[in-house]
$ cat query-v4.tsv   # TSV, C-alpha atoms
chain	number	residue	atom	x	y	z
A	138	MET	CA	-6.36	-24.66	-23.13
A	139	VAL	CA	-8.15	-22.27	-20.77
A	140	ARG	CA	-10.92	-20.37	-22.56
A	141	ILE	CA	-10.83	-16.73	-21.46
A	142	ALA	CA	-13.52	-14.02	-21.65
A	143	VAL	CA	-12.50	-10.41	-21.13
A	144	LEU	CA	-15.14	-7.90	-19.97
A	145	VAL	CA	-14.42	-4.24	-20.72
A	146	SER	CA	-16.13	-0.86	-20.53
A	147	GLY	CA	-13.56	1.40	-22.13
A	148	SER	CA	-10.54	1.66	-24.35
A	149	GLY	CA	-9.25	-1.75	-23.32
A	150	THR	CA	-5.51	-1.21	-22.87
A	151	ASN	CA	-5.48	-4.09	-20.37
A	152	LEU	CA	-7.31	-6.19	-22.97
A	153	GLN	CA	-4.61	-5.32	-25.51
A	154	ALA	CA	-1.92	-6.41	-23.04
A	155	ILE	CA	-3.68	-9.77	-22.66
A	156	ILE	CA	-4.07	-10.18	-26.43
A	157	ASP	CA	-0.38	-9.44	-26.95
A	158	ALA	CA	0.63	-11.84	-24.17
A	159	CYS	CA	-1.45	-14.67	-25.63
A	160	LYS	CA	0.26	-14.11	-28.99
A	161	SER	CA	3.79	-13.87	-27.59
A	162	GLY	CA	3.38	-16.87	-25.31
A	163	ALA	CA	3.71	-14.78	-22.13
A	164	ILE	CA	0.31	-16.28	-21.34
A	165	GLY	CA	0.69	-19.99	-21.93
A	166	ASN	CA	-2.20	-22.43	-22.13
A	167	GLY	CA	-4.83	-19.70	-22.46
A	168	ALA	CA	-6.75	-18.05	-25.29
A	169	ILE	CA	-9.28	-15.21	-25.41
A	170	LYS	CA	-12.49	-16.58	-26.88
A	171	LEU	CA	-14.85	-13.71	-26.10
A	172	VAL	CA	-14.82	-9.99	-25.36
A	173	VAL	CA	-17.95	-8.36	-23.95
A	174	SER	CA	-18.55	-4.67	-23.36
A	175	ASN	CA	-21.46	-3.00	-21.58
A	176	LYS	CA	-20.72	0.11	-23.66
A	177	LYS	CA	-21.58	0.01	-27.34
A	178	ASP	CA	-18.74	2.28	-28.43
A	179	ALA	CA	-16.01	0.82	-26.18
A	180	TYR	CA	-12.80	0.74	-28.21
A	181	GLY	CA	-12.04	-2.60	-26.55
A	182	LEU	CA	-14.60	-4.21	-28.89
A	183	GLU	CA	-12.72	-2.91	-31.90
A	184	ARG	CA	-9.40	-4.18	-30.53
A	185	ALA	CA	-10.96	-7.64	-30.24
A	186	ARG	CA	-12.45	-7.59	-33.73
A	187	ASN	CA	-9.10	-6.48	-35.15
A	188	GLU	CA	-7.70	-9.73	-33.76
A	189	GLY	CA	-10.55	-11.91	-35.01
A	190	ILE	CA	-11.90	-12.41	-31.47
A	191	LYS	CA	-15.66	-12.59	-30.96
A	192	ALA	CA	-16.70	-9.20	-29.59
A	193	VAL	CA	-20.19	-8.43	-28.32
A	194	PHE	CA	-21.89	-5.35	-26.92
A	195	GLU	CA	-24.22	-6.62	-24.22
A	196	ASN	CA	-25.54	-4.78	-21.19
A	197	LYS	CA	-27.88	-7.42	-19.73
A	198	GLU	CA	-26.23	-9.81	-17.29
A	199	GLU	CA	-28.44	-12.75	-18.20
A	200	ALA	CA	-27.39	-12.44	-21.83
A	201	VAL	CA	-23.73	-12.15	-20.82
A	202	LEU	CA	-24.07	-15.38	-18.80
A	203	GLU	CA	-25.55	-17.13	-21.83
A	204	LEU	CA	-22.65	-15.96	-23.99
A	205	LEU	CA	-20.12	-17.20	-21.43
A	206	GLU	CA	-21.78	-20.59	-21.34
A	207	SER	CA	-22.16	-20.99	-25.06
A	208	GLU	CA	-18.46	-20.17	-25.50
A	209	GLY	CA	-17.48	-22.61	-22.73
A	210	ILE	CA	-15.58	-19.91	-20.83
A	211	ASP	CA	-13.31	-21.06	-17.98
A	212	LEU	CA	-11.89	-17.74	-16.81
A	213	ILE	CA	-13.41	-14.25	-16.80
A	214	VAL	CA	-11.11	-11.24	-16.70
A	215	LEU	CA	-12.51	-7.85	-15.75
A	216	ALA	CA	-10.31	-5.33	-17.52
A	217	GLY	CA	-11.73	-1.94	-16.70
A	218	TYR	CA	-15.28	-3.32	-16.48
A	219	LEU	CA	-17.30	-0.72	-14.59
A	220	LYS	CA	-20.56	-2.66	-14.18
A	221	ILE	CA	-21.16	-4.42	-10.85
A	222	LEU	CA	-21.75	-8.17	-11.21
A	223	SER	CA	-24.61	-9.74	-9.25
A	224	PRO	CA	-23.89	-12.15	-6.38
A	225	GLU	CA	-25.43	-14.95	-8.47
A	226	PHE	CA	-23.03	-14.26	-11.33
A	227	ILE	CA	-20.05	-14.20	-8.97
A	228	ARG	CA	-21.08	-17.40	-7.19
A	229	LYS	CA	-21.53	-19.17	-10.54
A	230	TYR	CA	-17.93	-18.34	-11.49
A	231	GLU	CA	-16.45	-18.55	-7.99
A	232	ASN	CA	-12.65	-18.27	-8.05
A	233	ARG	CA	-12.79	-17.93	-11.84
A	234	ILE	CA	-13.20	-14.15	-12.11
A	235	ILE	CA	-10.09	-11.95	-11.98
A	236	ASN	CA	-10.15	-8.16	-11.59
A	237	VAL	CA	-7.43	-5.54	-11.73
A	238	HIS	CA	-7.66	-2.50	-9.45
A	239	PRO	CA	-5.41	0.56	-9.72
A	240	SER	CA	-4.26	0.79	-6.08
A	241	LEU	CA	-2.63	-1.31	-3.39
A	242	ILE	CA	-5.74	-2.85	-1.85
A	243	PRO	CA	-6.95	-2.34	0.93
A	244	SER	CA	-6.03	1.31	0.27
A	245	PHE	CA	-8.23	3.38	-2.06
A	246	CYS	CA	-10.70	0.69	-3.04
A	247	GLY	CA	-14.31	-0.34	-2.58
A	248	LYS	CA	-17.52	1.40	-3.59
A	249	GLY	CA	-16.96	4.58	-5.59
A	250	TYR	CA	-13.26	3.97	-6.22
A	251	TYR	CA	-12.80	3.44	-9.94
A	252	GLY	CA	-10.87	5.00	-12.79
A	253	LEU	CA	-9.21	8.34	-12.22
A	254	ILE	CA	-11.00	8.82	-8.86
A	255	VAL	CA	-8.72	6.20	-7.29
A	256	HIS	CA	-5.64	8.22	-8.20
A	257	GLU	CA	-7.22	11.52	-7.17
A	258	LYS	CA	-7.84	10.04	-3.72
A	259	ALA	CA	-4.28	8.73	-3.48
A	260	ILE	CA	-2.84	12.12	-4.46
A	261	GLU	CA	-5.15	13.93	-2.02
A	262	TYR	CA	-4.13	11.59	0.80
A	263	GLY	CA	-0.49	12.28	0.05
A	264	VAL	CA	0.77	8.69	-0.21
A	265	LYS	CA	4.29	8.20	-1.56
A	266	VAL	CA	3.65	4.67	-2.83
A	267	SER	CA	0.65	3.45	-4.79
A	268	GLY	CA	0.31	0.50	-7.16
A	269	ALA	CA	-1.95	-2.09	-8.70
A	270	THR	CA	-3.72	-5.21	-7.44
A	271	VAL	CA	-4.95	-8.28	-9.30
A	272	HIS	CA	-7.47	-10.28	-7.27
A	273	PHE	CA	-10.22	-12.84	-7.46
A	274	VAL	CA	-13.67	-11.30	-7.42
A	275	THR	CA	-15.97	-11.95	-4.48
A	276	GLU	CA	-19.31	-10.38	-3.63
A	277	GLU	CA	-17.74	-7.51	-1.68
A	278	ALA	CA	-16.19	-4.92	-4.01
A	279	ASP	CA	-12.37	-5.13	-4.32
A	280	ALA	CA	-12.17	-7.46	-1.30
A	281	GLY	CA	-11.41	-10.84	-2.84
A	282	PRO	CA	-8.19	-12.87	-2.39
A	283	ILE	CA	-5.19	-11.02	-3.82
A	284	ILE	CA	-3.16	-12.75	-6.54
A	285	MET	CA	-0.51	-10.12	-7.21
A	286	GLN	CA	0.36	-6.56	-6.25
A	287	GLY	CA	2.94	-4.16	-7.59
A	288	ALA	CA	4.09	-0.86	-6.11
A	289	VAL	CA	4.81	2.41	-7.93
A	290	PRO	CA	6.27	5.60	-6.51
A	291	VAL	CA	4.15	8.75	-6.25
A	292	LEU	CA	6.28	11.73	-7.19
A	293	ASP	CA	6.07	15.30	-5.91
A	294	SER	CA	5.24	16.36	-9.47
A	295	ASP	CA	2.40	13.84	-9.91
A	296	ASP	CA	-1.23	14.60	-10.49
A	297	ALA	CA	-3.91	11.92	-10.82
A	298	SER	CA	-3.33	11.51	-14.56
A	299	SER	CA	0.42	11.02	-14.42
A	300	LEU	CA	0.01	8.57	-11.53
A	301	GLN	CA	-2.68	6.68	-13.47
A	302	LYS	CA	-0.32	6.25	-16.40
A	303	ARG	CA	2.47	4.85	-14.21
A	304	VAL	CA	0.07	2.46	-12.45
A	305	LEU	CA	-1.42	1.29	-15.75
A	306	ASP	CA	1.96	-0.09	-16.87
A	307	VAL	CA	2.04	-2.21	-13.72
A	308	GLU	CA	-1.57	-3.30	-14.22
A	309	HIS	CA	-0.70	-4.69	-17.67
A	310	LYS	CA	2.29	-6.59	-16.35
A	311	LEU	CA	0.56	-8.07	-13.28
A	312	LEU	CA	-2.61	-8.99	-15.14
A	313	VAL	CA	-0.66	-10.92	-17.75
A	314	GLU	CA	1.39	-12.72	-15.08
A	315	ALA	CA	-1.70	-13.58	-13.02
A	316	ILE	CA	-3.57	-14.96	-16.05
A	317	ASP	CA	-0.55	-17.04	-17.04
A	318	LEU	CA	-0.35	-18.47	-13.50
A	319	TYR	CA	-4.07	-19.21	-13.52
A	320	CYS	CA	-3.99	-20.90	-16.92
A	321	ASN	CA	-1.12	-23.09	-15.78
A	322	SER	CA	-2.93	-24.10	-12.54
A	323	ARG	CA	-0.26	-22.41	-10.46
A	324	LEU	CA	-2.59	-20.52	-8.10
A	325	ARG	CA	-3.86	-22.02	-4.85
A	326	ILE	CA	-6.39	-20.12	-2.71
A	327	ASP	CA	-6.33	-20.75	1.05
A	328	GLY	CA	-8.72	-18.43	2.88
A	329	ARG	CA	-7.66	-14.92	1.93
A	330	ARG	CA	-4.16	-15.91	0.82
A	331	VAL	CA	-3.27	-16.92	-2.71
A	332	TYR	CA	-0.16	-19.07	-3.08
A	333	THR	CA	1.87	-19.46	-6.24
A	334	ASN	CA	3.54	-22.80	-6.67
A	335	GLY	CA	7.20	-21.82	-6.89
A	336	LYS	CA	8.86	-21.13	-10.23
B	95	MET	CA	22.14	22.11	14.36
B	96	VAL	CA	18.70	20.55	14.91
B	97	ARG	CA	18.34	19.13	18.44
B	98	ILE	CA	16.58	15.77	18.26
B	99	ALA	CA	14.74	13.82	20.98
B	100	VAL	CA	13.92	10.16	20.34
B	101	LEU	CA	11.04	8.56	22.25
B	102	VAL	CA	11.12	4.78	22.57
B	103	SER	CA	9.28	1.98	24.35
B	104	GLY	CA	11.34	-1.03	23.40
B	105	SER	CA	14.63	-2.34	22.07
B	106	GLY	CA	15.25	0.76	19.99
B	107	THR	CA	16.59	-0.60	16.71
B	108	ASN	CA	15.23	2.48	14.96
B	109	LEU	CA	17.01	4.62	17.58
B	110	GLN	CA	20.24	2.77	16.81
B	111	ALA	CA	19.78	3.47	13.10
B	112	ILE	CA	19.43	7.19	13.90
B	113	ILE	CA	22.48	7.17	16.21
B	114	ASP	CA	24.55	5.47	13.51
B	115	ALA	CA	23.33	7.92	10.86
B	116	CYS	CA	24.21	10.94	12.98
B	117	LYS	CA	27.73	9.53	13.44
B	118	SER	CA	28.24	8.63	9.77
B	119	GLY	CA	26.86	11.92	8.50
B	120	ALA	CA	23.89	10.28	6.78
B	121	ILE	CA	21.90	12.63	8.99
B	122	GLY	CA	23.48	16.04	8.48
B	123	ASN	CA	22.82	19.06	10.65
B	124	GLY	CA	21.13	17.04	13.42
B	125	ALA	CA	22.11	15.53	16.76
B	126	ILE	CA	20.29	13.42	19.32
B	127	LYS	CA	20.23	15.32	22.60
B	128	LEU	CA	17.70	13.25	24.52
B	129	VAL	CA	16.21	9.76	24.61
B	130	VAL	CA	13.06	9.16	26.67
B	131	SER	CA	11.38	5.84	27.36
B	132	ASN	CA	8.05	5.18	29.04
B	133	LYS	CA	9.37	1.73	29.97
B	134	LYS	CA	12.04	1.53	32.65
B	135	ASP	CA	13.80	-1.49	31.17
B	136	ALA	CA	13.64	-0.43	27.50
B	137	TYR	CA	16.95	-1.42	25.90
B	138	GLY	CA	16.77	1.82	23.94
B	139	LEU	CA	17.82	3.68	27.10
B	140	GLU	CA	20.95	1.56	27.33
B	141	ARG	CA	21.78	2.17	23.67
B	142	ALA	CA	21.61	5.91	24.32
B	143	ARG	CA	23.75	5.74	27.47
B	144	ASN	CA	26.34	3.68	25.58
B	145	GLU	CA	26.67	6.65	23.24
B	146	GLY	CA	26.81	9.26	25.96
B	147	ILE	CA	23.33	10.54	25.13
B	148	LYS	CA	21.07	11.71	27.97
B	149	ALA	CA	18.60	8.88	28.55
B	150	VAL	CA	15.59	9.18	30.85
B	151	PHE	CA	12.85	6.84	31.96
B	152	GLU	CA	9.76	8.99	32.29
B	153	ASN	CA	6.14	7.96	32.00
B	154	LYS	CA	4.39	11.25	32.81
B	155	GLU	CA	3.76	13.48	29.80
B	156	GLU	CA	4.15	16.72	31.72
B	157	ALA	CA	7.60	15.68	32.85
B	158	VAL	CA	8.50	14.64	29.29
B	159	LEU	CA	7.47	18.09	28.05
B	160	GLU	CA	9.68	19.73	30.68
B	161	LEU	CA	12.62	17.59	29.59
B	162	LEU	CA	12.05	18.51	25.93
B	163	GLU	CA	11.99	22.20	26.80
B	164	SER	CA	14.99	22.16	29.07
B	165	GLU	CA	16.98	20.42	26.33
B	166	GLY	CA	15.76	22.89	23.69
B	167	ILE	CA	14.48	20.10	21.46
B	168	ASP	CA	13.51	21.03	17.88
B	169	LEU	CA	12.42	17.65	16.51
B	170	ILE	CA	10.80	14.67	18.25
B	171	VAL	CA	11.13	11.24	16.68
B	172	LEU	CA	8.80	8.45	17.81
B	173	ALA	CA	10.77	5.26	17.25
B	174	GLY	CA	8.54	2.47	18.47
B	175	TYR	CA	6.94	4.69	21.12
B	176	LEU	CA	3.73	2.93	22.15
B	177	LYS	CA	2.25	5.63	24.37
B	178	ILE	CA	-0.39	7.94	22.84
B	179	LEU	CA	0.52	11.63	23.00
B	180	SER	CA	-2.13	14.10	24.13
B	181	PRO	CA	-3.59	16.64	21.66
B	182	GLU	CA	-1.93	19.42	23.70
B	183	PHE	CA	1.48	17.77	23.33
B	184	ILE	CA	0.98	17.31	19.59
B	185	ARG	CA	-0.22	20.88	19.04
B	186	LYS	CA	2.76	22.22	20.97
B	187	TYR	CA	5.15	20.42	18.61
B	188	GLU	CA	3.03	20.73	15.45
B	189	ASN	CA	4.89	19.53	12.34
B	190	ARG	CA	7.88	18.72	14.57
B	191	ILE	CA	6.98	15.14	15.57
B	192	ILE	CA	7.88	12.30	13.21
B	193	ASN	CA	6.59	8.75	13.56
B	194	VAL	CA	7.42	5.54	11.72
B	195	HIS	CA	4.66	2.99	11.11
B	196	PRO	CA	5.26	-0.53	9.79
B	197	SER	CA	2.74	-0.55	6.92
B	198	LEU	CA	1.82	1.43	3.83
B	199	ILE	CA	-0.62	3.89	5.39
B	200	PRO	CA	-3.66	4.08	4.96
B	201	SER	CA	-3.55	0.25	5.04
B	202	PHE	CA	-3.20	-1.51	8.39
B	203	CYS	CA	-2.96	1.53	10.63
B	204	GLY	CA	-4.87	3.47	13.24
B	205	LYS	CA	-6.07	2.45	16.68
B	206	GLY	CA	-4.90	-1.00	17.75
B	207	TYR	CA	-2.40	-1.40	14.90
B	208	TYR	CA	1.06	-1.52	16.45
B	209	GLY	CA	4.00	-3.88	16.59
B	210	LEU	CA	3.55	-7.42	15.35
B	211	ILE	CA	-0.26	-6.99	15.10
B	212	VAL	CA	0.21	-4.80	12.00
B	213	HIS	CA	2.01	-7.62	10.20
B	214	GLU	CA	-0.45	-10.27	11.43
B	215	LYS	CA	-3.27	-8.24	9.88
B	216	ALA	CA	-1.37	-7.81	6.61
B	217	ILE	CA	-0.67	-11.54	6.40
B	218	GLU	CA	-4.29	-12.40	7.26
B	219	TYR	CA	-5.56	-10.01	4.59
B	220	GLY	CA	-3.30	-11.66	2.06
B	221	VAL	CA	-1.58	-8.56	0.65
B	222	LYS	CA	1.42	-9.13	-1.62
B	223	VAL	CA	3.01	-5.77	-0.89
B	224	SER	CA	3.46	-4.11	2.50
B	225	GLY	CA	5.98	-1.53	3.66
B	226	ALA	CA	6.77	1.29	6.03
B	227	THR	CA	5.62	4.90	6.38
B	228	VAL	CA	7.32	7.90	7.99
B	229	HIS	CA	4.86	10.70	8.71
B	230	PHE	CA	4.26	13.80	10.75
B	231	VAL	CA	2.15	13.17	13.83
B	232	THR	CA	-1.29	14.76	14.07
B	233	GLU	CA	-4.04	14.20	16.60
B	234	GLU	CA	-5.57	11.33	14.63
B	235	ALA	CA	-3.49	8.14	14.94
B	236	ASP	CA	-1.32	7.36	11.89
B	237	ALA	CA	-3.14	9.95	9.80
B	238	GLY	CA	-0.65	12.83	9.54
B	239	PRO	CA	1.07	14.03	6.35
B	240	ILE	CA	3.30	11.32	4.86
B	241	ILE	CA	6.99	12.12	4.39
B	242	MET	CA	8.23	8.85	2.91
B	243	GLN	CA	6.99	5.35	2.16
B	244	GLY	CA	8.79	2.24	1.05
B	245	ALA	CA	7.32	-1.01	-0.24
B	246	VAL	CA	8.40	-4.56	0.58
B	247	PRO	CA	7.16	-7.80	-0.98
B	248	VAL	CA	5.11	-10.25	1.10
B	249	LEU	CA	6.23	-13.76	0.23
B	250	ASP	CA	4.19	-16.97	0.20
B	251	SER	CA	6.48	-18.26	2.93
B	252	ASP	CA	6.04	-15.21	5.20
B	253	ASP	CA	4.54	-15.14	8.64
B	254	ALA	CA	4.13	-11.95	10.68
B	255	SER	CA	7.65	-12.21	12.16
B	256	SER	CA	9.52	-12.65	8.89
B	257	LEU	CA	7.51	-9.80	7.35
B	258	GLN	CA	8.24	-7.60	10.37
B	259	LYS	CA	11.95	-8.16	9.92
B	260	ARG	CA	11.86	-7.19	6.23
B	261	VAL	CA	9.79	-4.07	6.95
B	262	LEU	CA	12.08	-3.03	9.81
B	263	ASP	CA	15.03	-2.71	7.41
B	264	VAL	CA	12.98	-0.25	5.36
B	265	GLU	CA	11.86	1.62	8.51
B	266	HIS	CA	15.50	2.27	9.43
B	267	LYS	CA	16.35	3.53	5.98
B	268	LEU	CA	13.30	5.79	5.57
B	269	LEU	CA	13.50	7.22	9.07
B	270	VAL	CA	17.12	8.26	8.59
B	271	GLU	CA	16.34	9.83	5.21
B	272	ALA	CA	13.32	11.69	6.57
B	273	ILE	CA	15.25	13.06	9.56
B	274	ASP	CA	18.07	14.18	7.30
B	275	LEU	CA	15.58	15.98	5.03
B	276	TYR	CA	13.93	17.61	8.05
B	277	CYS	CA	17.22	18.74	9.56
B	278	ASN	CA	18.23	20.31	6.27
B	279	SER	CA	14.89	22.15	5.90
B	280	ARG	CA	14.07	20.17	2.79
B	281	LEU	CA	10.47	19.24	3.71
B	282	ARG	CA	7.51	21.42	2.83
B	283	ILE	CA	4.00	20.51	4.02
B	284	ASP	CA	1.06	21.61	1.88
B	285	GLY	CA	-2.22	20.21	3.19
B	286	ARG	CA	-1.76	16.46	3.30
B	287	ARG	CA	1.16	16.39	0.83
B	288	VAL	CA	4.77	16.68	1.86
B	289	TYR	CA	7.14	17.94	-0.83
B	290	THR	CA	10.88	17.39	-0.86
B	291	ASN	CA	12.90	20.17	-2.43
B	292	GLY	CA	14.73	18.37	-5.23
B	293	LYS	CA	18.18	16.93	-4.66
$ encode --input "query-v4.tsv" --output "structure tokens"
Amino acid sequence: MVRIAVLVSGSGTNLQAIIDACKSGAIGNGAIKLVVSNKKDAYGLERARNEGIKAVFENKEEAVLELLESEGIDLIVLAGYLKILSPEFIRKYENRIINVHPSLIPSFCGKGYYGLIVHEKAIEYGVKVSGATVHFVTEEADAGPIIMQGAVPVLDSDDASSLQKRVLDVEHKLLVEAIDLYCNSRLRIDGRRVYTNGK
Amino acid sequence: MVRIAVLVSGSGTNLQAIIDACKSGAIGNGAIKLVVSNKKDAYGLERARNEGIKAVFENKEEAVLELLESEGIDLIVLAGYLKILSPEFIRKYENRIINVHPSLIPSFCGKGYYGLIVHEKAIEYGVKVSGATVHFVTEEADAGPIIMQGAVPVLDSDDASSLQKRVLDVEHKLLVEAIDLYCNSRLRIDGRRVYTNGK
């Protein structure tokens, strides 16, 4: 059983999708053992507590690392976690940190692209297709090996908020699939490419 | 009836898709009146001649401009045209030049990204979704307002060639749709966004 920690900063809808998938069996061989938020009032913490999952407000990285170790965490999922992790943290959990980003990387990503801003930029640029990306975390922001991507249409009637909503549905789906693949040892990283052993 | 010129450099499969669409009626209110290639042996020229369309090998921009004028061309379609157009040319036909690019712009585009190289870069980067973009041409390469985009999956088994083939199918489809919309005055440009008056 892969022991999962989920790091959040906000309302935690991606966290909820992971919780639901662990319960339904859509994520096999994995269980959330810890939820950490760098924001005291993040609703994600409440979601975790409602499920009987250990939920901790902690802003200091050193303390987060201690928590991860004491809980024997194998996989860290960043689900709307807006704090930058240090290179030391990332190296310690190399190829064991997964992030979800609300665009088709390498478009609309990197420093300064988070939350609604990503969708504002996509709308401004006038793209007709956007999407979501689940990737391993490396030291460079949003540049790690890509596990899954999903496309969504951008409609003439869209603004950033309506696009965000459509992308979020895909984020939930891809994140759950990627975690399931990880927990079942189905992902193989070769340079920048991530292979999935065929289903 | 919108008078269309298609500029090619190579085999002209996108040109063929446009020819077929004009015949079938998938492109309404438009007709190809001129095909120009900057390569003498481009098979695109032969495709045009086979259809009784005026086909000219011409490498000098001034001479191309004269041809466009003498044929009363309304819309220029770049279908695998690898020569850079001058700012003067582009200004003269502002919002009347359409290009197709084999990626989801703004990913894998700009200077140096053409032909198979685009797909090599996408494969190297490890994206799971690529696609095609049809856009209006502005002075900055691959940066004009986007008319249509279509996504294609990148498979674990893909190399640049197999990805190119899958993207090319989408290029044909999008290019035909975009030309049909243009010829029926259905496109409206507002800043960087292109709106399609609802069907």
$ interface_residues --input "query-v4.tsv" --of "chain B" --to "chain A" --cutoff "7 Å" --atoms "all atoms listed in the file" --output "number ranges by chain"
B: 200-201, 218-223, 239-240, 242-245, 250, 286-287, 289
$ residues_near_point --input "query-v4.tsv" --point "(6.4, 3.1, 23.0)" --cutoff "8 Å" --atoms "only C-alpha atoms" --output "JSON, numbers by chain"
{"B": [101, 102, 103, 104, 131, 132, 133, 172, 173, 174, 175, 176, 177]}
$ atom_distance --input "query-v4.tsv" --atom1 "atom CA of B:Ile192" --atom2 "atom CA of B:Val171"
4.9 Å
$ axis_aligned_box --input "query-v4.tsv" --around "stretch 292-304 of chain A" --padding-each-side "4 Å" --output "lines of an AutoDock Vina configuration file"
center_x = 1.2
center_y = 9.4
center_z = -11.2
size_x = 18.2
size_y = 21.9
size_z = 18.5
$ residues_around --input "query-v4.tsv" --residues "stretch 182-187 of chain A" --least-positions-apart "2" --cutoff "9 Å" --atoms "all atoms listed in the file" --output "list of chain:residue names"
A:Val145, A:Gly147, A:Ser148, A:Gly149, A:Leu152, A:Gln153, A:Ile156, A:Leu171, A:Val172, A:Val173, A:Ser174, A:Lys177, A:Asp178, A:Ala179, A:Tyr180, A:Gly189, A:Ile190, A:Lys191, A:Ala192, A:Val193, A:Phe194
$ closest_residue --input "query-v4.tsv" --among "A:Gln301, A:Val271, A:Asp295, A:Asp211" --to "A:Val255" --atoms "only C-alpha atoms"
A:Gln301
$ residues_around --input "query-v4.tsv" --residues "A:Glu277" --least-positions-apart "6" --cutoff "10 Å" --atoms "only C-alpha atoms" --output "ChimeraX atom specification"
/A:224,247-248
$ atom_distance --input "query-v4.tsv" --atom1 "atom CA of B:Met95" --atom2 "atom CA of B:Gly124"
5.3 Å
$ closest_residue --input "query-v4.tsv" --among "A:Ala297, A:Leu324, A:Ile210, A:Ile155" --to "A:His309" --atoms "all atoms listed in the file"
A:Ile155
$ closest_residue --input "query-v4.tsv" --among "B:Ala115, B:Cys203, B:Ile283, B:Val96" --to "B:Gly166" --atoms "only C-alpha atoms"
B:Val96
$ atom_distance --input "query-v4.tsv" --atom1 "atom CA of A:Lys197" --atom2 "atom CA of A:Ala142"
15.9 Å
$ residues_around --input "query-v4.tsv" --residues "stretch 183-186 of chain B" --least-positions-apart "3" --cutoff "12 Å" --atoms "only C-alpha atoms" --output "list in words"
Lys154, Glu155, Glu156, Ala157, Val158, Leu159, Glu160, Leu162, Glu163, Ile167, Asp168, Leu169, Ile170, Leu172, Ile178, Leu179, Ser180, Asn189, Arg190, Ile191, Ile192, Asn193, Phe230, Val231, Thr232, Glu233, Glu234, Ala235 and Gly238 of chain B
$ write_last_selection --input "query-v4.tsv" --atoms "C-alpha atoms" --output "PDB file, in the frame of the given file"
ATOM      1  CA  LYS B 154       4.390  11.250  32.810  1.00  0.00           C
ATOM      2  CA  GLU B 155       3.760  13.480  29.800  1.00  0.00           C
ATOM      3  CA  GLU B 156       4.150  16.720  31.720  1.00  0.00           C
ATOM      4  CA  ALA B 157       7.600  15.680  32.850  1.00  0.00           C
ATOM      5  CA  VAL B 158       8.500  14.640  29.290  1.00  0.00           C
ATOM      6  CA  LEU B 159       7.470  18.090  28.050  1.00  0.00           C
ATOM      7  CA  GLU B 160       9.680  19.730  30.680  1.00  0.00           C
ATOM      8  CA  LEU B 162      12.050  18.510  25.930  1.00  0.00           C
ATOM      9  CA  GLU B 163      11.990  22.200  26.800  1.00  0.00           C
ATOM     10  CA  ILE B 167      14.480  20.100  21.460  1.00  0.00           C
ATOM     11  CA  ASP B 168      13.510  21.030  17.880  1.00  0.00           C
ATOM     12  CA  LEU B 169      12.420  17.650  16.510  1.00  0.00           C
ATOM     13  CA  ILE B 170      10.800  14.670  18.250  1.00  0.00           C
ATOM     14  CA  LEU B 172       8.800   8.450  17.810  1.00  0.00           C
ATOM     15  CA  ILE B 178      -0.390   7.940  22.840  1.00  0.00           C
ATOM     16  CA  LEU B 179       0.520  11.630  23.000  1.00  0.00           C
ATOM     17  CA  SER B 180      -2.130  14.100  24.130  1.00  0.00           C
ATOM     18  CA  ASN B 189       4.890  19.530  12.340  1.00  0.00           C
ATOM     19  CA  ARG B 190       7.880  18.720  14.570  1.00  0.00           C
ATOM     20  CA  ILE B 191       6.980  15.140  15.570  1.00  0.00           C
ATOM     21  CA  ILE B 192       7.880  12.300  13.210  1.00  0.00           C
ATOM     22  CA  ASN B 193       6.590   8.750  13.560  1.00  0.00           C
ATOM     23  CA  PHE B 230       4.260  13.800  10.750  1.00  0.00           C
ATOM     24  CA  VAL B 231       2.150  13.170  13.830  1.00  0.00           C
ATOM     25  CA  THR B 232      -1.290  14.760  14.070  1.00  0.00           C
ATOM     26  CA  GLU B 233      -4.040  14.200  16.600  1.00  0.00           C
ATOM     27  CA  GLU B 234      -5.570  11.330  14.630  1.00  0.00           C
ATOM     28  CA  ALA B 235      -3.490   8.140  14.940  1.00  0.00           C
ATOM     29  CA  GLY B 238      -0.650  12.830   9.540  1.00  0.00           C
TER      30      GLY B 238
END
$ closest_residue --input "query-v4.tsv" --among "B:Asp114, B:Glu145, B:Asp253, B:Leu269" --to "B:Pro196" --atoms "only C-alpha atoms"
B:Leu269
$ closest_residue --input "query-v4.tsv" --among "A:Leu311, A:Ile254, A:Ala154, A:Ile141" --to "A:Asn166" --atoms "all atoms listed in the file"
A:Ile141
$ residues_around --input "query-v4.tsv" --residues "A:Tyr250" --least-positions-apart "6" --cutoff "10 Å" --atoms "all atoms listed in the file" --output "number ranges by chain"
A: 238-240, 256-258, 278-279
$ write_last_selection --input "query-v4.tsv" --atoms "C-alpha atoms" --output "PDB file, in the frame of the given file"
ATOM      1  CA  HIS A 238      -7.660  -2.500  -9.450  1.00  0.00           C
ATOM      2  CA  PRO A 239      -5.410   0.560  -9.720  1.00  0.00           C
ATOM      3  CA  SER A 240      -4.260   0.790  -6.080  1.00  0.00           C
ATOM      4  CA  HIS A 256      -5.640   8.220  -8.200  1.00  0.00           C
ATOM      5  CA  GLU A 257      -7.220  11.520  -7.170  1.00  0.00           C
ATOM      6  CA  LYS A 258      -7.840  10.040  -3.720  1.00  0.00           C
ATOM      7  CA  ALA A 278     -16.190  -4.920  -4.010  1.00  0.00           C
ATOM      8  CA  ASP A 279     -12.370  -5.130  -4.320  1.00  0.00           C
TER       9      ASP A 279
END
$ closest_residue --input "query-v4.tsv" --among "B:Cys277, B:Glu188, B:Leu210, B:Val264" --to "B:Ile126" --atoms "only C-alpha atoms"
B:Cys277
